[in-house]
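Coordinates as given in upload.txt (compact mmCIF, C-alpha atoms and all ligand atoms):
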# COMPACT_ATOMS: atom_id res chain seq x y z
CA MET A 258 0.41 -41.79 -60.40
CA THR A 259 4.14 -41.82 -61.01
CA ASP A 260 5.66 -39.86 -63.88
CA ILE A 261 6.73 -43.06 -65.52
CA GLN A 262 3.29 -44.60 -65.23
CA ALA A 263 1.80 -41.44 -66.75
CA GLN A 264 4.20 -41.75 -69.68
CA ILE A 265 3.36 -45.38 -70.28
CA ASP A 266 -0.34 -44.56 -70.20
CA VAL A 267 0.20 -41.99 -72.93
CA LEU A 268 2.07 -44.42 -75.13
CA PRO A 269 2.00 -48.20 -74.79
CA GLY A 270 5.35 -49.82 -75.57
CA LEU A 271 7.32 -46.88 -74.26
CA ASP A 272 10.49 -47.82 -72.42
CA PRO A 273 11.40 -45.24 -69.74
CA GLY A 274 15.00 -46.52 -69.77
CA ALA A 275 15.49 -46.00 -73.51
CA GLN A 276 17.19 -43.00 -75.17
CA LEU A 277 15.07 -39.86 -74.78
CA LEU A 278 15.11 -39.02 -78.49
CA GLU A 279 16.92 -40.57 -81.40
CA VAL A 280 16.53 -39.40 -84.99
CA ASN A 281 17.96 -41.85 -87.51
CA ASP A 282 18.41 -41.26 -91.22
CA LEU A 283 15.38 -38.95 -91.45
CA HIS A 284 14.35 -38.02 -94.99
CA VAL A 285 11.60 -35.53 -95.83
CA GLU A 286 10.61 -34.39 -99.29
CA PHE A 287 8.11 -31.89 -100.65
CA ARG A 288 6.36 -32.84 -103.87
CA THR A 289 5.32 -29.68 -105.64
CA ARG A 290 4.67 -28.56 -109.19
CA ASP A 291 8.26 -27.31 -109.34
CA GLY A 292 9.58 -30.80 -108.63
CA VAL A 293 10.67 -32.65 -105.54
CA SER A 294 12.48 -30.67 -102.81
CA HIS A 295 14.69 -32.84 -100.63
CA ALA A 296 14.36 -30.76 -97.49
CA VAL A 297 15.84 -33.34 -95.11
CA ASN A 298 18.30 -35.88 -96.51
CA GLY A 299 19.34 -38.21 -93.75
CA ALA A 300 19.36 -36.26 -90.49
CA ASN A 301 20.78 -38.08 -87.45
CA PHE A 302 20.96 -36.96 -83.84
CA ARG A 303 20.24 -37.92 -80.24
CA LEU A 304 19.05 -36.05 -77.18
CA GLU A 305 19.49 -36.84 -73.48
CA PRO A 306 17.40 -35.56 -70.55
CA GLY A 307 18.68 -32.20 -69.36
CA GLU A 308 20.68 -31.69 -72.53
CA THR A 309 20.48 -28.78 -74.97
CA LEU A 310 21.15 -29.67 -78.57
CA ALA A 311 21.37 -26.72 -80.91
CA ILE A 312 20.51 -27.29 -84.56
CA LEU A 313 22.32 -24.64 -86.50
CA GLY A 314 22.37 -23.62 -90.14
CA GLU A 315 21.46 -20.89 -92.57
CA SER A 316 17.87 -20.30 -93.57
CA GLY A 317 16.51 -23.02 -95.87
CA CYS A 318 18.73 -25.86 -94.59
CA GLY A 319 15.81 -28.00 -93.37
CA LYS A 320 15.87 -27.17 -89.65
CA SER A 321 12.18 -26.36 -89.24
CA VAL A 322 11.12 -29.26 -91.44
CA THR A 323 13.17 -31.60 -89.23
CA ALA A 324 11.35 -30.26 -86.17
CA GLN A 325 7.97 -30.56 -87.88
CA ALA A 326 8.70 -34.17 -88.80
CA ILE A 327 9.63 -34.97 -85.18
CA MET A 328 6.42 -33.32 -83.96
CA GLY A 329 4.23 -34.86 -86.65
CA ILE A 330 3.03 -31.47 -87.86
CA LEU A 331 4.50 -31.56 -91.34
CA ASP A 332 2.46 -29.78 -93.98
CA SER A 333 1.32 -32.92 -95.84
CA PRO A 334 0.70 -32.83 -98.73
CA PRO A 335 3.10 -31.58 -100.06
CA GLY A 336 5.56 -32.84 -97.38
CA TYR A 337 6.27 -36.54 -96.76
CA VAL A 338 8.66 -38.44 -94.50
CA THR A 339 10.12 -40.96 -96.94
CA ARG A 340 12.62 -42.75 -94.71
CA GLY A 341 14.02 -42.89 -91.19
CA GLU A 342 13.04 -43.16 -87.55
CA VAL A 343 12.10 -40.72 -84.80
CA LYS A 344 12.41 -42.76 -81.63
CA TYR A 345 11.07 -41.34 -78.40
CA ARG A 346 11.93 -43.64 -75.45
CA GLY A 347 12.20 -46.58 -77.83
CA VAL A 348 8.96 -45.94 -79.75
CA ASP A 349 9.20 -44.89 -83.40
CA LEU A 350 6.79 -41.96 -83.57
CA LEU A 351 6.61 -42.22 -87.35
CA GLN A 352 4.78 -45.55 -86.98
CA LEU A 353 2.06 -44.21 -84.66
CA LYS A 354 -1.52 -43.42 -85.55
CA GLU A 355 -2.44 -39.73 -85.57
CA ALA A 356 -4.45 -40.00 -82.31
CA GLU A 357 -1.38 -41.38 -80.48
CA ARG A 358 0.91 -38.78 -81.99
CA ARG A 359 -1.46 -36.08 -80.81
CA LYS A 360 -1.18 -37.41 -77.27
CA VAL A 361 2.62 -37.39 -77.46
CA ARG A 362 2.50 -33.86 -78.83
CA ALA A 363 0.23 -32.61 -76.09
CA ASN A 364 1.97 -34.37 -73.21
CA ARG A 365 5.54 -35.41 -73.96
CA ILE A 366 7.12 -33.34 -76.72
CA ALA A 367 6.23 -29.67 -77.01
CA MET A 368 7.31 -26.96 -79.43
CA ILE A 369 7.60 -23.19 -79.43
CA PHE A 370 7.98 -20.99 -82.49
CA GLN A 371 9.37 -17.66 -83.60
CA ASP A 372 5.93 -16.12 -83.85
CA ALA A 373 3.84 -16.47 -80.69
CA LEU A 374 0.94 -14.53 -82.18
CA SER A 375 0.24 -17.23 -84.73
CA ALA A 376 0.72 -20.01 -82.16
CA LEU A 377 -1.77 -18.56 -79.66
CA ASN A 378 -5.48 -18.26 -80.29
CA PRO A 379 -6.34 -14.56 -80.68
CA VAL A 380 -9.97 -14.85 -79.54
CA PHE A 381 -9.39 -16.39 -76.10
CA SER A 382 -7.62 -14.92 -73.07
CA VAL A 383 -4.26 -16.51 -72.23
CA GLY A 384 -5.72 -17.71 -68.92
CA PHE A 385 -8.53 -19.51 -70.71
CA GLN A 386 -6.12 -21.16 -73.15
CA LEU A 387 -3.88 -22.40 -70.36
CA ALA A 388 -6.76 -23.54 -68.16
CA GLU A 389 -8.26 -25.49 -71.07
CA LEU A 390 -5.08 -27.57 -71.26
CA PHE A 391 -5.34 -28.53 -67.60
CA ARG A 392 -9.07 -29.21 -67.82
CA LYS A 393 -8.86 -31.27 -70.98
CA HIS A 394 -5.68 -33.24 -70.34
CA ARG A 395 -5.55 -33.36 -66.57
CA GLY A 396 -9.27 -33.30 -65.74
CA MET A 397 -8.82 -30.35 -63.34
CA SER A 398 -11.72 -28.30 -62.00
CA ARG A 399 -12.15 -24.77 -63.33
CA GLN A 400 -10.79 -23.34 -60.09
CA ASP A 401 -7.73 -25.60 -59.89
CA ALA A 402 -6.98 -25.00 -63.55
CA LYS A 403 -7.03 -21.26 -63.02
CA LYS A 404 -4.75 -21.53 -59.99
CA ARG A 405 -2.28 -23.70 -61.91
CA SER A 406 -2.37 -21.27 -64.86
CA ILE A 407 -1.42 -18.37 -62.62
CA GLU A 408 1.44 -20.41 -61.10
CA LEU A 409 2.72 -21.22 -64.54
CA LEU A 410 2.60 -17.60 -65.74
CA ASP A 411 4.52 -16.73 -62.57
CA GLN A 412 7.13 -19.36 -63.42
CA VAL A 413 7.72 -17.81 -66.82
CA ARG A 414 8.05 -14.43 -65.03
CA ILE A 415 4.98 -12.64 -66.33
CA PRO A 416 4.70 -9.72 -63.90
CA ALA A 417 1.35 -9.54 -62.05
CA ALA A 418 0.26 -12.89 -63.49
CA ARG A 419 -2.95 -12.91 -61.46
CA GLU A 420 -4.10 -9.63 -63.00
CA ARG A 421 -3.02 -10.50 -66.52
CA ILE A 422 -4.68 -13.88 -66.76
CA GLY A 423 -7.74 -12.39 -68.49
CA ASP A 424 -5.69 -10.54 -71.14
CA TYR A 425 -5.65 -11.58 -74.79
CA PRO A 426 -2.45 -12.44 -76.68
CA HIS A 427 -2.33 -9.09 -78.54
CA GLN A 428 -2.28 -7.23 -75.22
CA PHE A 429 1.18 -8.62 -74.39
CA SER A 430 4.49 -7.32 -75.72
CA GLY A 431 6.51 -9.57 -78.06
CA GLY A 432 8.75 -10.84 -75.25
CA MET A 433 5.84 -11.42 -72.84
CA ARG A 434 3.92 -13.25 -75.54
CA GLN A 435 6.90 -15.50 -76.05
CA ARG A 436 6.75 -16.26 -72.31
CA VAL A 437 3.06 -17.11 -72.59
CA MET A 438 3.84 -19.52 -75.43
CA ILE A 439 6.56 -21.13 -73.31
CA ALA A 440 4.04 -21.51 -70.47
CA MET A 441 1.56 -23.21 -72.83
CA ALA A 442 4.27 -25.55 -74.10
CA LEU A 443 5.39 -26.53 -70.60
CA ALA A 444 1.92 -26.81 -69.06
CA LEU A 445 1.73 -30.60 -69.35
CA ASP A 446 5.36 -31.19 -68.27
CA PRO A 447 6.87 -32.41 -71.54
CA GLU A 448 10.16 -34.30 -71.48
CA ILE A 449 11.32 -32.58 -74.65
CA LEU A 450 10.94 -28.98 -75.80
CA ILE A 451 11.75 -27.99 -79.36
CA ALA A 452 12.33 -24.24 -79.71
CA ASP A 453 12.41 -23.13 -83.36
CA GLU A 454 14.11 -19.70 -83.60
CA PRO A 455 12.34 -18.67 -80.36
CA THR A 456 14.05 -15.30 -80.09
CA THR A 457 14.66 -14.31 -83.71
CA ALA A 458 11.86 -11.72 -83.77
CA LEU A 459 12.91 -10.06 -80.49
CA ASP A 460 15.40 -7.33 -79.72
CA VAL A 461 18.75 -8.32 -78.26
CA THR A 462 18.00 -7.63 -74.58
CA VAL A 463 14.72 -9.53 -74.66
CA GLN A 464 16.42 -12.34 -76.60
CA ALA A 465 18.88 -12.80 -73.76
CA GLN A 466 16.08 -12.81 -71.17
CA ILE A 467 14.09 -15.45 -73.02
CA MET A 468 17.16 -17.64 -73.56
CA GLY A 469 17.98 -17.29 -69.85
CA LEU A 470 14.43 -18.29 -68.93
CA LEU A 471 14.48 -21.33 -71.22
CA ALA A 472 17.79 -22.48 -69.78
CA GLU A 473 16.49 -22.09 -66.23
CA LEU A 474 13.21 -23.92 -66.88
CA GLN A 475 15.11 -26.67 -68.61
CA ARG A 476 17.43 -27.14 -65.64
CA GLU A 477 14.57 -27.18 -63.14
CA ARG A 478 12.69 -29.79 -65.18
CA ASP A 479 15.64 -31.81 -66.50
CA MET A 480 14.06 -31.46 -69.92
CA GLY A 481 15.75 -32.22 -73.23
CA LEU A 482 15.86 -29.01 -75.29
CA ILE A 483 16.35 -28.76 -79.04
CA LEU A 484 17.18 -25.19 -79.91
CA ILE A 485 16.93 -24.37 -83.60
CA THR A 486 18.67 -21.25 -84.77
CA HIS A 487 20.54 -19.66 -87.65
CA ASP A 488 22.46 -17.48 -85.17
CA MET A 489 25.70 -18.98 -83.91
CA GLY A 490 25.95 -16.17 -81.37
CA VAL A 491 22.81 -17.38 -79.57
CA VAL A 492 23.98 -20.93 -78.89
CA ALA A 493 27.42 -20.55 -77.32
CA ASP A 494 26.15 -19.97 -73.78
CA VAL A 495 23.27 -22.41 -73.69
CA ALA A 496 23.97 -25.43 -75.89
CA ASP A 497 25.73 -28.62 -74.77
CA ARG A 498 26.08 -29.98 -78.28
CA ILE A 499 25.62 -28.56 -81.74
CA SER A 500 24.39 -30.22 -84.90
CA VAL A 501 25.20 -28.14 -87.94
CA MET A 502 22.81 -28.67 -90.87
CA TYR A 503 23.43 -27.95 -94.51
CA ALA A 504 21.10 -28.82 -97.39
CA GLY A 505 19.06 -31.18 -95.23
CA LYS A 506 22.00 -33.07 -93.73
CA VAL A 507 23.82 -32.88 -90.41
CA VAL A 508 27.34 -31.99 -91.57
CA GLU A 509 28.97 -31.74 -88.16
CA GLU A 510 27.98 -32.71 -84.64
CA ALA A 511 30.07 -32.07 -81.56
CA PRO A 512 30.08 -30.70 -78.02
CA VAL A 513 29.80 -26.93 -78.11
CA TYR A 514 33.35 -26.30 -76.94
CA ASP A 515 34.84 -28.41 -79.74
CA ILE A 516 32.74 -26.72 -82.38
CA TYR A 517 34.06 -23.31 -81.36
CA ALA A 518 37.62 -24.36 -80.61
CA ARG A 519 38.28 -26.70 -83.54
CA PRO A 520 35.54 -26.89 -86.19
CA ALA A 521 35.95 -29.97 -88.40
CA HIS A 522 33.68 -28.96 -91.27
CA PRO A 523 34.34 -26.02 -93.60
CA TYR A 524 30.71 -24.91 -93.31
CA THR A 525 30.91 -24.72 -89.51
CA LYS A 526 34.16 -22.83 -89.84
CA ALA A 527 32.59 -20.37 -92.24
CA LEU A 528 29.58 -19.85 -89.93
CA LEU A 529 31.96 -19.15 -87.05
CA SER A 530 33.89 -16.55 -88.95
CA SER A 531 30.64 -14.73 -89.69
CA ILE A 532 29.81 -14.07 -86.00
CA PRO A 533 30.47 -10.46 -85.00
CA ARG A 534 33.24 -10.34 -82.38
CA LEU A 535 33.91 -7.54 -79.96
CA ASP A 536 37.68 -7.73 -80.50
CA MET A 537 37.23 -7.29 -84.24
CA LYS A 538 35.05 -4.20 -84.06
CA GLY A 539 35.08 -2.21 -87.27
CA GLN A 540 36.60 -5.02 -89.30
CA GLN A 541 34.82 -6.50 -92.25
CA LEU A 542 33.00 -9.71 -91.33
CA SER A 543 33.58 -12.61 -93.61
CA VAL A 544 30.25 -13.84 -94.88
CA ILE A 545 29.89 -17.15 -96.65
CA LYS A 546 29.86 -16.53 -100.36
CA GLY A 547 26.81 -17.73 -102.28
CA LEU A 548 23.60 -19.22 -100.92
CA PRO A 549 22.51 -22.67 -99.75
CA PRO A 550 21.31 -24.69 -102.76
CA ALA A 551 17.69 -24.91 -103.84
CA LEU A 552 16.54 -28.19 -102.41
CA ASN A 553 15.15 -29.41 -105.71
CA ALA A 554 18.60 -28.97 -107.28
CA ILE A 555 21.17 -30.08 -104.70
CA PRO A 556 24.67 -30.22 -106.25
CA ALA A 557 26.20 -33.66 -106.84
CA GLY A 558 28.99 -34.85 -104.58
CA CYS A 559 29.23 -32.76 -101.41
CA ALA A 560 26.34 -30.26 -101.43
CA PHE A 561 28.63 -27.57 -99.98
CA HIS A 562 31.28 -27.79 -102.72
CA PRO A 563 30.28 -24.68 -104.73
CA ARG A 564 30.89 -22.54 -101.63
CA CYS A 565 33.72 -24.44 -99.99
CA ALA A 566 37.23 -23.04 -99.70
CA TYR A 567 38.63 -26.58 -99.33
CA ALA A 568 36.79 -28.18 -102.26
CA ARG A 569 38.64 -30.27 -104.85
CA ASP A 570 37.69 -32.73 -107.57
CA GLN A 571 36.68 -35.54 -105.26
CA CYS A 572 34.12 -33.25 -103.59
CA ARG A 573 32.31 -32.62 -106.87
CA GLN A 574 31.78 -36.35 -107.40
CA ASP A 575 31.65 -38.32 -104.15
CA PRO A 576 29.28 -37.34 -101.38
CA PRO A 577 31.13 -37.67 -98.08
CA PRO A 578 29.71 -40.52 -95.94
CA PRO A 579 27.27 -39.61 -93.14
CA ALA A 580 29.83 -39.45 -90.38
CA TYR A 581 33.56 -39.58 -90.01
CA ASP A 582 34.38 -40.03 -86.31
CA VAL A 583 36.54 -36.99 -85.82
CA ALA A 584 36.99 -37.71 -82.12
CA LEU A 585 35.01 -39.28 -79.31
CA GLY A 586 31.48 -37.85 -79.51
CA ARG A 587 32.24 -35.85 -82.66
CA THR A 588 31.33 -36.48 -86.26
CA ALA A 589 31.82 -34.56 -89.48
CA ARG A 590 30.70 -35.13 -93.05
CA CYS A 591 33.70 -33.90 -95.04
CA HIS A 592 36.36 -35.76 -97.03
CA PHE A 593 39.04 -33.42 -95.78
CA TRP A 594 38.08 -32.86 -92.15
CA ARG A 595 41.64 -33.63 -90.99
CA GLU A 596 42.91 -30.70 -92.95
CA VAL A 597 40.08 -28.45 -91.75
CA ILE A 598 40.53 -29.28 -88.08
CA GLY A 599 44.29 -28.88 -88.20
CA ASP A 600 44.26 -25.69 -90.15
CA GLU A 601 43.79 -23.15 -87.37
N1 LIG B 701 5.21 -26.19 -96.95
C1 LIG B 701 6.24 -26.38 -97.80
N2 LIG B 701 6.01 -26.62 -99.11
C2 LIG B 701 7.04 -26.82 -99.98
N3 LIG B 701 8.33 -26.82 -99.62
C3 LIG B 701 8.61 -26.58 -98.33
C4 LIG B 701 7.59 -26.34 -97.34
N4 LIG B 701 8.19 -26.13 -96.15
C5 LIG B 701 9.52 -26.22 -96.38
N5 LIG B 701 9.78 -26.50 -97.68
C6 LIG B 701 11.10 -26.73 -98.28
O1 LIG B 701 12.00 -27.13 -97.29
C7 LIG B 701 13.13 -26.26 -97.26
C8 LIG B 701 13.68 -26.15 -95.87
O2 LIG B 701 12.80 -25.41 -95.09
P1 LIG B 701 13.00 -25.14 -93.55
O3 LIG B 701 13.14 -26.42 -92.83
O4 LIG B 701 11.84 -24.28 -93.16
O5 LIG B 701 14.36 -24.34 -93.48
P2 LIG B 701 15.05 -23.66 -92.21
O6 LIG B 701 16.37 -24.35 -92.06
O7 LIG B 701 15.20 -22.23 -92.58
O8 LIG B 701 14.14 -23.85 -91.03
C9 LIG B 701 12.63 -24.97 -97.87
O9 LIG B 701 13.67 -24.25 -98.46
C10 LIG B 701 11.66 -25.48 -98.91
O10 LIG B 701 12.34 -25.88 -100.08
S1 LIG B 702 33.72 -32.65 -98.69
FE1 LIG B 702 34.89 -31.19 -99.91
S2 LIG B 702 33.38 -29.63 -100.55
FE2 LIG B 702 32.47 -30.81 -98.90
S3 LIG B 702 32.93 -29.63 -97.10
FE3 LIG B 702 34.56 -31.14 -97.29
S4 LIG B 702 36.18 -30.11 -98.45
FE4 LIG B 702 34.31 -28.91 -98.69
MG MG B 703 13.12 -22.41 -89.93

Now, as a test, write the supplied structure out as structure tokens.
Amino acid sequence: MTDIQAQIDVLPGLDPGAQLLEVNDLHVEFRTRDGVSHAVNGANFRLEPGETLAILGESGCGKSVTAQAIMGILDSPPGYVTRGEVKYRGVDLLQLKEAERRKVRANRIAMIFQDALSALNPVFSVGFQLAELFRKHRGMSRQDAKKRSIELLDQVRIPAARERIGDYPHQFSGGMRQRVMIAMALALDPEILIADEPTTALDVTVQAQIMGLLAELQRERDMGLILITHDMGVVADVADRISVMYAGKVVEEAPVYDIYARPAHPYTKALLSSIPRLDMKGQQLSVIKGLPPALNAIPAGCAFHPRCAYARDQCRQDPPPPAYDVALGRTARCHFWREVIGDE
């Protein structure tokens, strides 16, 4: 069976020639006793095969909720998608029944998390958990499934994979466990991998190894990768494009080089100036003053205005429109982007 046929079997109506992933005007809210939190307020982005899109922003900006809405694993209640589209190869996933979404989740779009321990089942060996995927979704024999599991652990560079296949998740180090989770996510050859802060809990050397591995696996498989992070330092080497999120909105989107060379949004600019740089050793880092807003009390006008060095009266009243075309392939959501981009 061809790859394309396998995809169509998973999801009738799927168009292999359509955009890999397209998120349009996504809105998610949480209805709690403290009121309604507008966690995602009109997120827009696209993803191509083989491309890495980084979603960047401080903690609490709605990055994980965006990923959960794409995957269909939102905590609901209290979370609800209230508007928008998540189109995978032309099919709006938000309109699917749960059984179909589950198939997409198992086969086409996979996700890895910061904490592998909570993503893996503690009572089964990693070999068993991997083999189950092949048996259940690919109808493999026990023996073939085991062989394939060992190959996959090899691919994610688990040393002595054959010997370790019977080990339980807690017997692996943090970095090795992250590799096991990557193996589980890639087992059924997804077209899209969403990695939500995959290296945040690891030390710097292991972080670099895991990022290197993800980049390599992505290249080999021509997979679309969405890398979610609060750490601007992590994305420079691996991302093709960056979407910067603030208070549930994408405030700037651009190819990685442009973001670093000429940020068009004051928030992006502030994030950049908070990255430690070798040539500034010993100097005080500028951190962004204040905190992102509580999402049940987002300021009127531009949500960033209380923290923005460029803010003026208009910003306190008029929300900037979703996207000013700053340049080809670049958008920013700021009334004064021309000033920001020119002011280097
Ligand atoms: N299970 C939940 N219940 C209520 N509110 C939630 C829940 N998950 C997320 N939120 C709200 O959504 C906001 C954004 O969360 P999240 O997407 O996890 O941020 P981050 O950008 O750090 O990944 C949180 O600050 C919170 O207000
Ligand atoms: S619209 Fe105004 S407050 Fe918002 S980022 Fe631009 S300058 Fe700052
Ligand atoms: Mg998060």

(request) Could the residues that lie within 6 Å of ligand LIG 702 (chain B), counting all atoms listed in the file, be listed as number ranges by chain? (result) A: 522-523, 559, 561-562, 565, 567-568, 572, 577, 591-593

(message) Any residue with an atom at most 7 Å from ligand MG 703 (chain B) counts, using only C-alpha atoms and all ligand atoms. Which are they? Put them as a list in words.
(response)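 Answer in the requested format: Ser316, Gly317, Lys320, Ser321, Asp453 and Glu454 of chain A.
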
(message) Could you list, as a ChimeraX atom specification, every residue within 12 Å of stretch 373-378 of chain A, counting all atoms listed in the file and ignoring same-chain residues fewer than 4 positions away?
(response) /A:368-369,382-387,424-442,452-459

(request) Find the distance between atom CA of A:Val343 and atom N5 of ligand LIG 701 (chain B) and write it in Å to one decimal. (result) 19.3 Å

(request) Using only C-alpha atoms and all ligand atoms, pick whichever of A:Val513, A:Ala444, A:Ile545, A:Val507 has the shortest atom-to-atom distance to ligand LIG 701 (chain B). (result) A:Val507

(request) Counting only C-alpha atoms and all ligand atoms, name the residues that have an atom within 7 Å of an atom of ligand LIG 701 (chain B); the answer should be given as a PyMOL selection string. (result) chain A and resi 287+289+294+296+314-323+332+335-336+551-552

Might I get the box with edges along x, y and z of the file that holds all atoms of stretch 585-595 of chain A listed there, padded by 8 Å on every side, given as centre and edge lengths in Å to one decimal, as AutoDock Vina command-line options?
--center_x 36.2 --center_y -36.1 --center_z -88.2 --size_x 26.9 --size_y 22.4 --size_z 33.7

(request) May I ask for the distance between atom CA of A:Ala275 and atom CA of A:Glu308, given in Å to one decimal place? (result)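 Calculated distance between atom CA of A:Ala275 and atom CA of A:Glu308 is 15.3 Å.
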
(request) Compare A:Arg362, A:His487, A:Arg573, A:Arg303 by their minimum atom-to-atom distance to A:Ala326, counting only C-alpha atoms, and give me the closest one. (result) A:Arg362

(request) Could you please determine the separation between atom CA of A:Gln400 and atom CA of A:Ile422 in Å, to one decimal place? (result)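 It comes out at 13.1 Å.
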
(message) Give me the residues near stretch 465-481 of chain A as a PyMOL selection string, where near means some atom within 6 Å (using only C-alpha atoms) and where sequence neighbours in that chain fewer than 5 positions away do not count.
(response) chain A and resi 305-308+448-449

(message) Given all atoms listed in the file as the basis, pick out the residue of A:Ile327, A:Leu351, A:Val297, A:Ile598 nearest to A:Asp282.
(response)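 Comparing A:Ile327, A:Leu351, A:Val297, A:Ile598 against A:Asp282, the winner is A:Val297.
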
(request) Would you mind telling me which residue in A:Glu509, A:Ala356, A:Ile451, A:Glu408 lies nearest to A:Thr525 when using all atoms listed in the file? (result)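 Result for the nearest residue to A:Thr525: A:Glu509.
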
(message) So that I can see what lies close to A:Pro579, please list as number ranges by chain the residues with an atom at most 8 Å from it, counting only C-alpha atoms and leaving out residues fewer than 6 positions away in the same chain.
(response) A: 508, 589-590

Write out, as a CSV table (one decimal), in the frame of the given file, the residues just selected, with C-alpha atoms.
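Written output follows (part15.csv):
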chain,number,residue,atom,x,y,z
A,508,VAL,CA,27.3,-32.0,-91.6
A,589,ALA,CA,31.8,-34.6,-89.5
A,590,ARG,CA,30.7,-35.1,-93.0

Can you tell me, as a compact mmCIF listing (two decimals) with C-alpha atoms, keeping the file's coordinate frame, what residues are no more than 8 Å from stretch 402-406 of chain A when counting all atoms listed in the file, ignoring any on the same chain fewer than 3 positions away?
# COMPACT_ATOMS: atom_id res chain seq x y z
CA GLY A 384 -5.72 -17.71 -68.92
CA LEU A 387 -3.88 -22.40 -70.36
CA ALA A 388 -6.76 -23.54 -68.16
CA GLU A 389 -8.26 -25.49 -71.07
CA PHE A 391 -5.34 -28.53 -67.60
CA ARG A 392 -9.07 -29.21 -67.82
CA MET A 397 -8.82 -30.35 -63.34
CA SER A 398 -11.72 -28.30 -62.00
CA ARG A 399 -12.15 -24.77 -63.33
CA LEU A 409 2.72 -21.22 -64.54
CA LEU A 410 2.60 -17.60 -65.74
CA ILE A 422 -4.68 -13.88 -66.76

(request) Find the residue from A:Lys360, A:Gly299, A:Arg346, A:Glu420 that sits nearest to A:Ile407; use all atoms listed in the file when measuring. (result)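 Using all atoms listed in the file, the shortest distance to A:Ile407 belongs to A:Glu420.
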
(request) For A:Arg288, work out the shell of residues within 10 Å, counting only C-alpha atoms and skipping chain neighbours fewer than 3 positions away, then give it as a PyMOL selection string. (result) chain A and resi 285+291-295+333-337+553
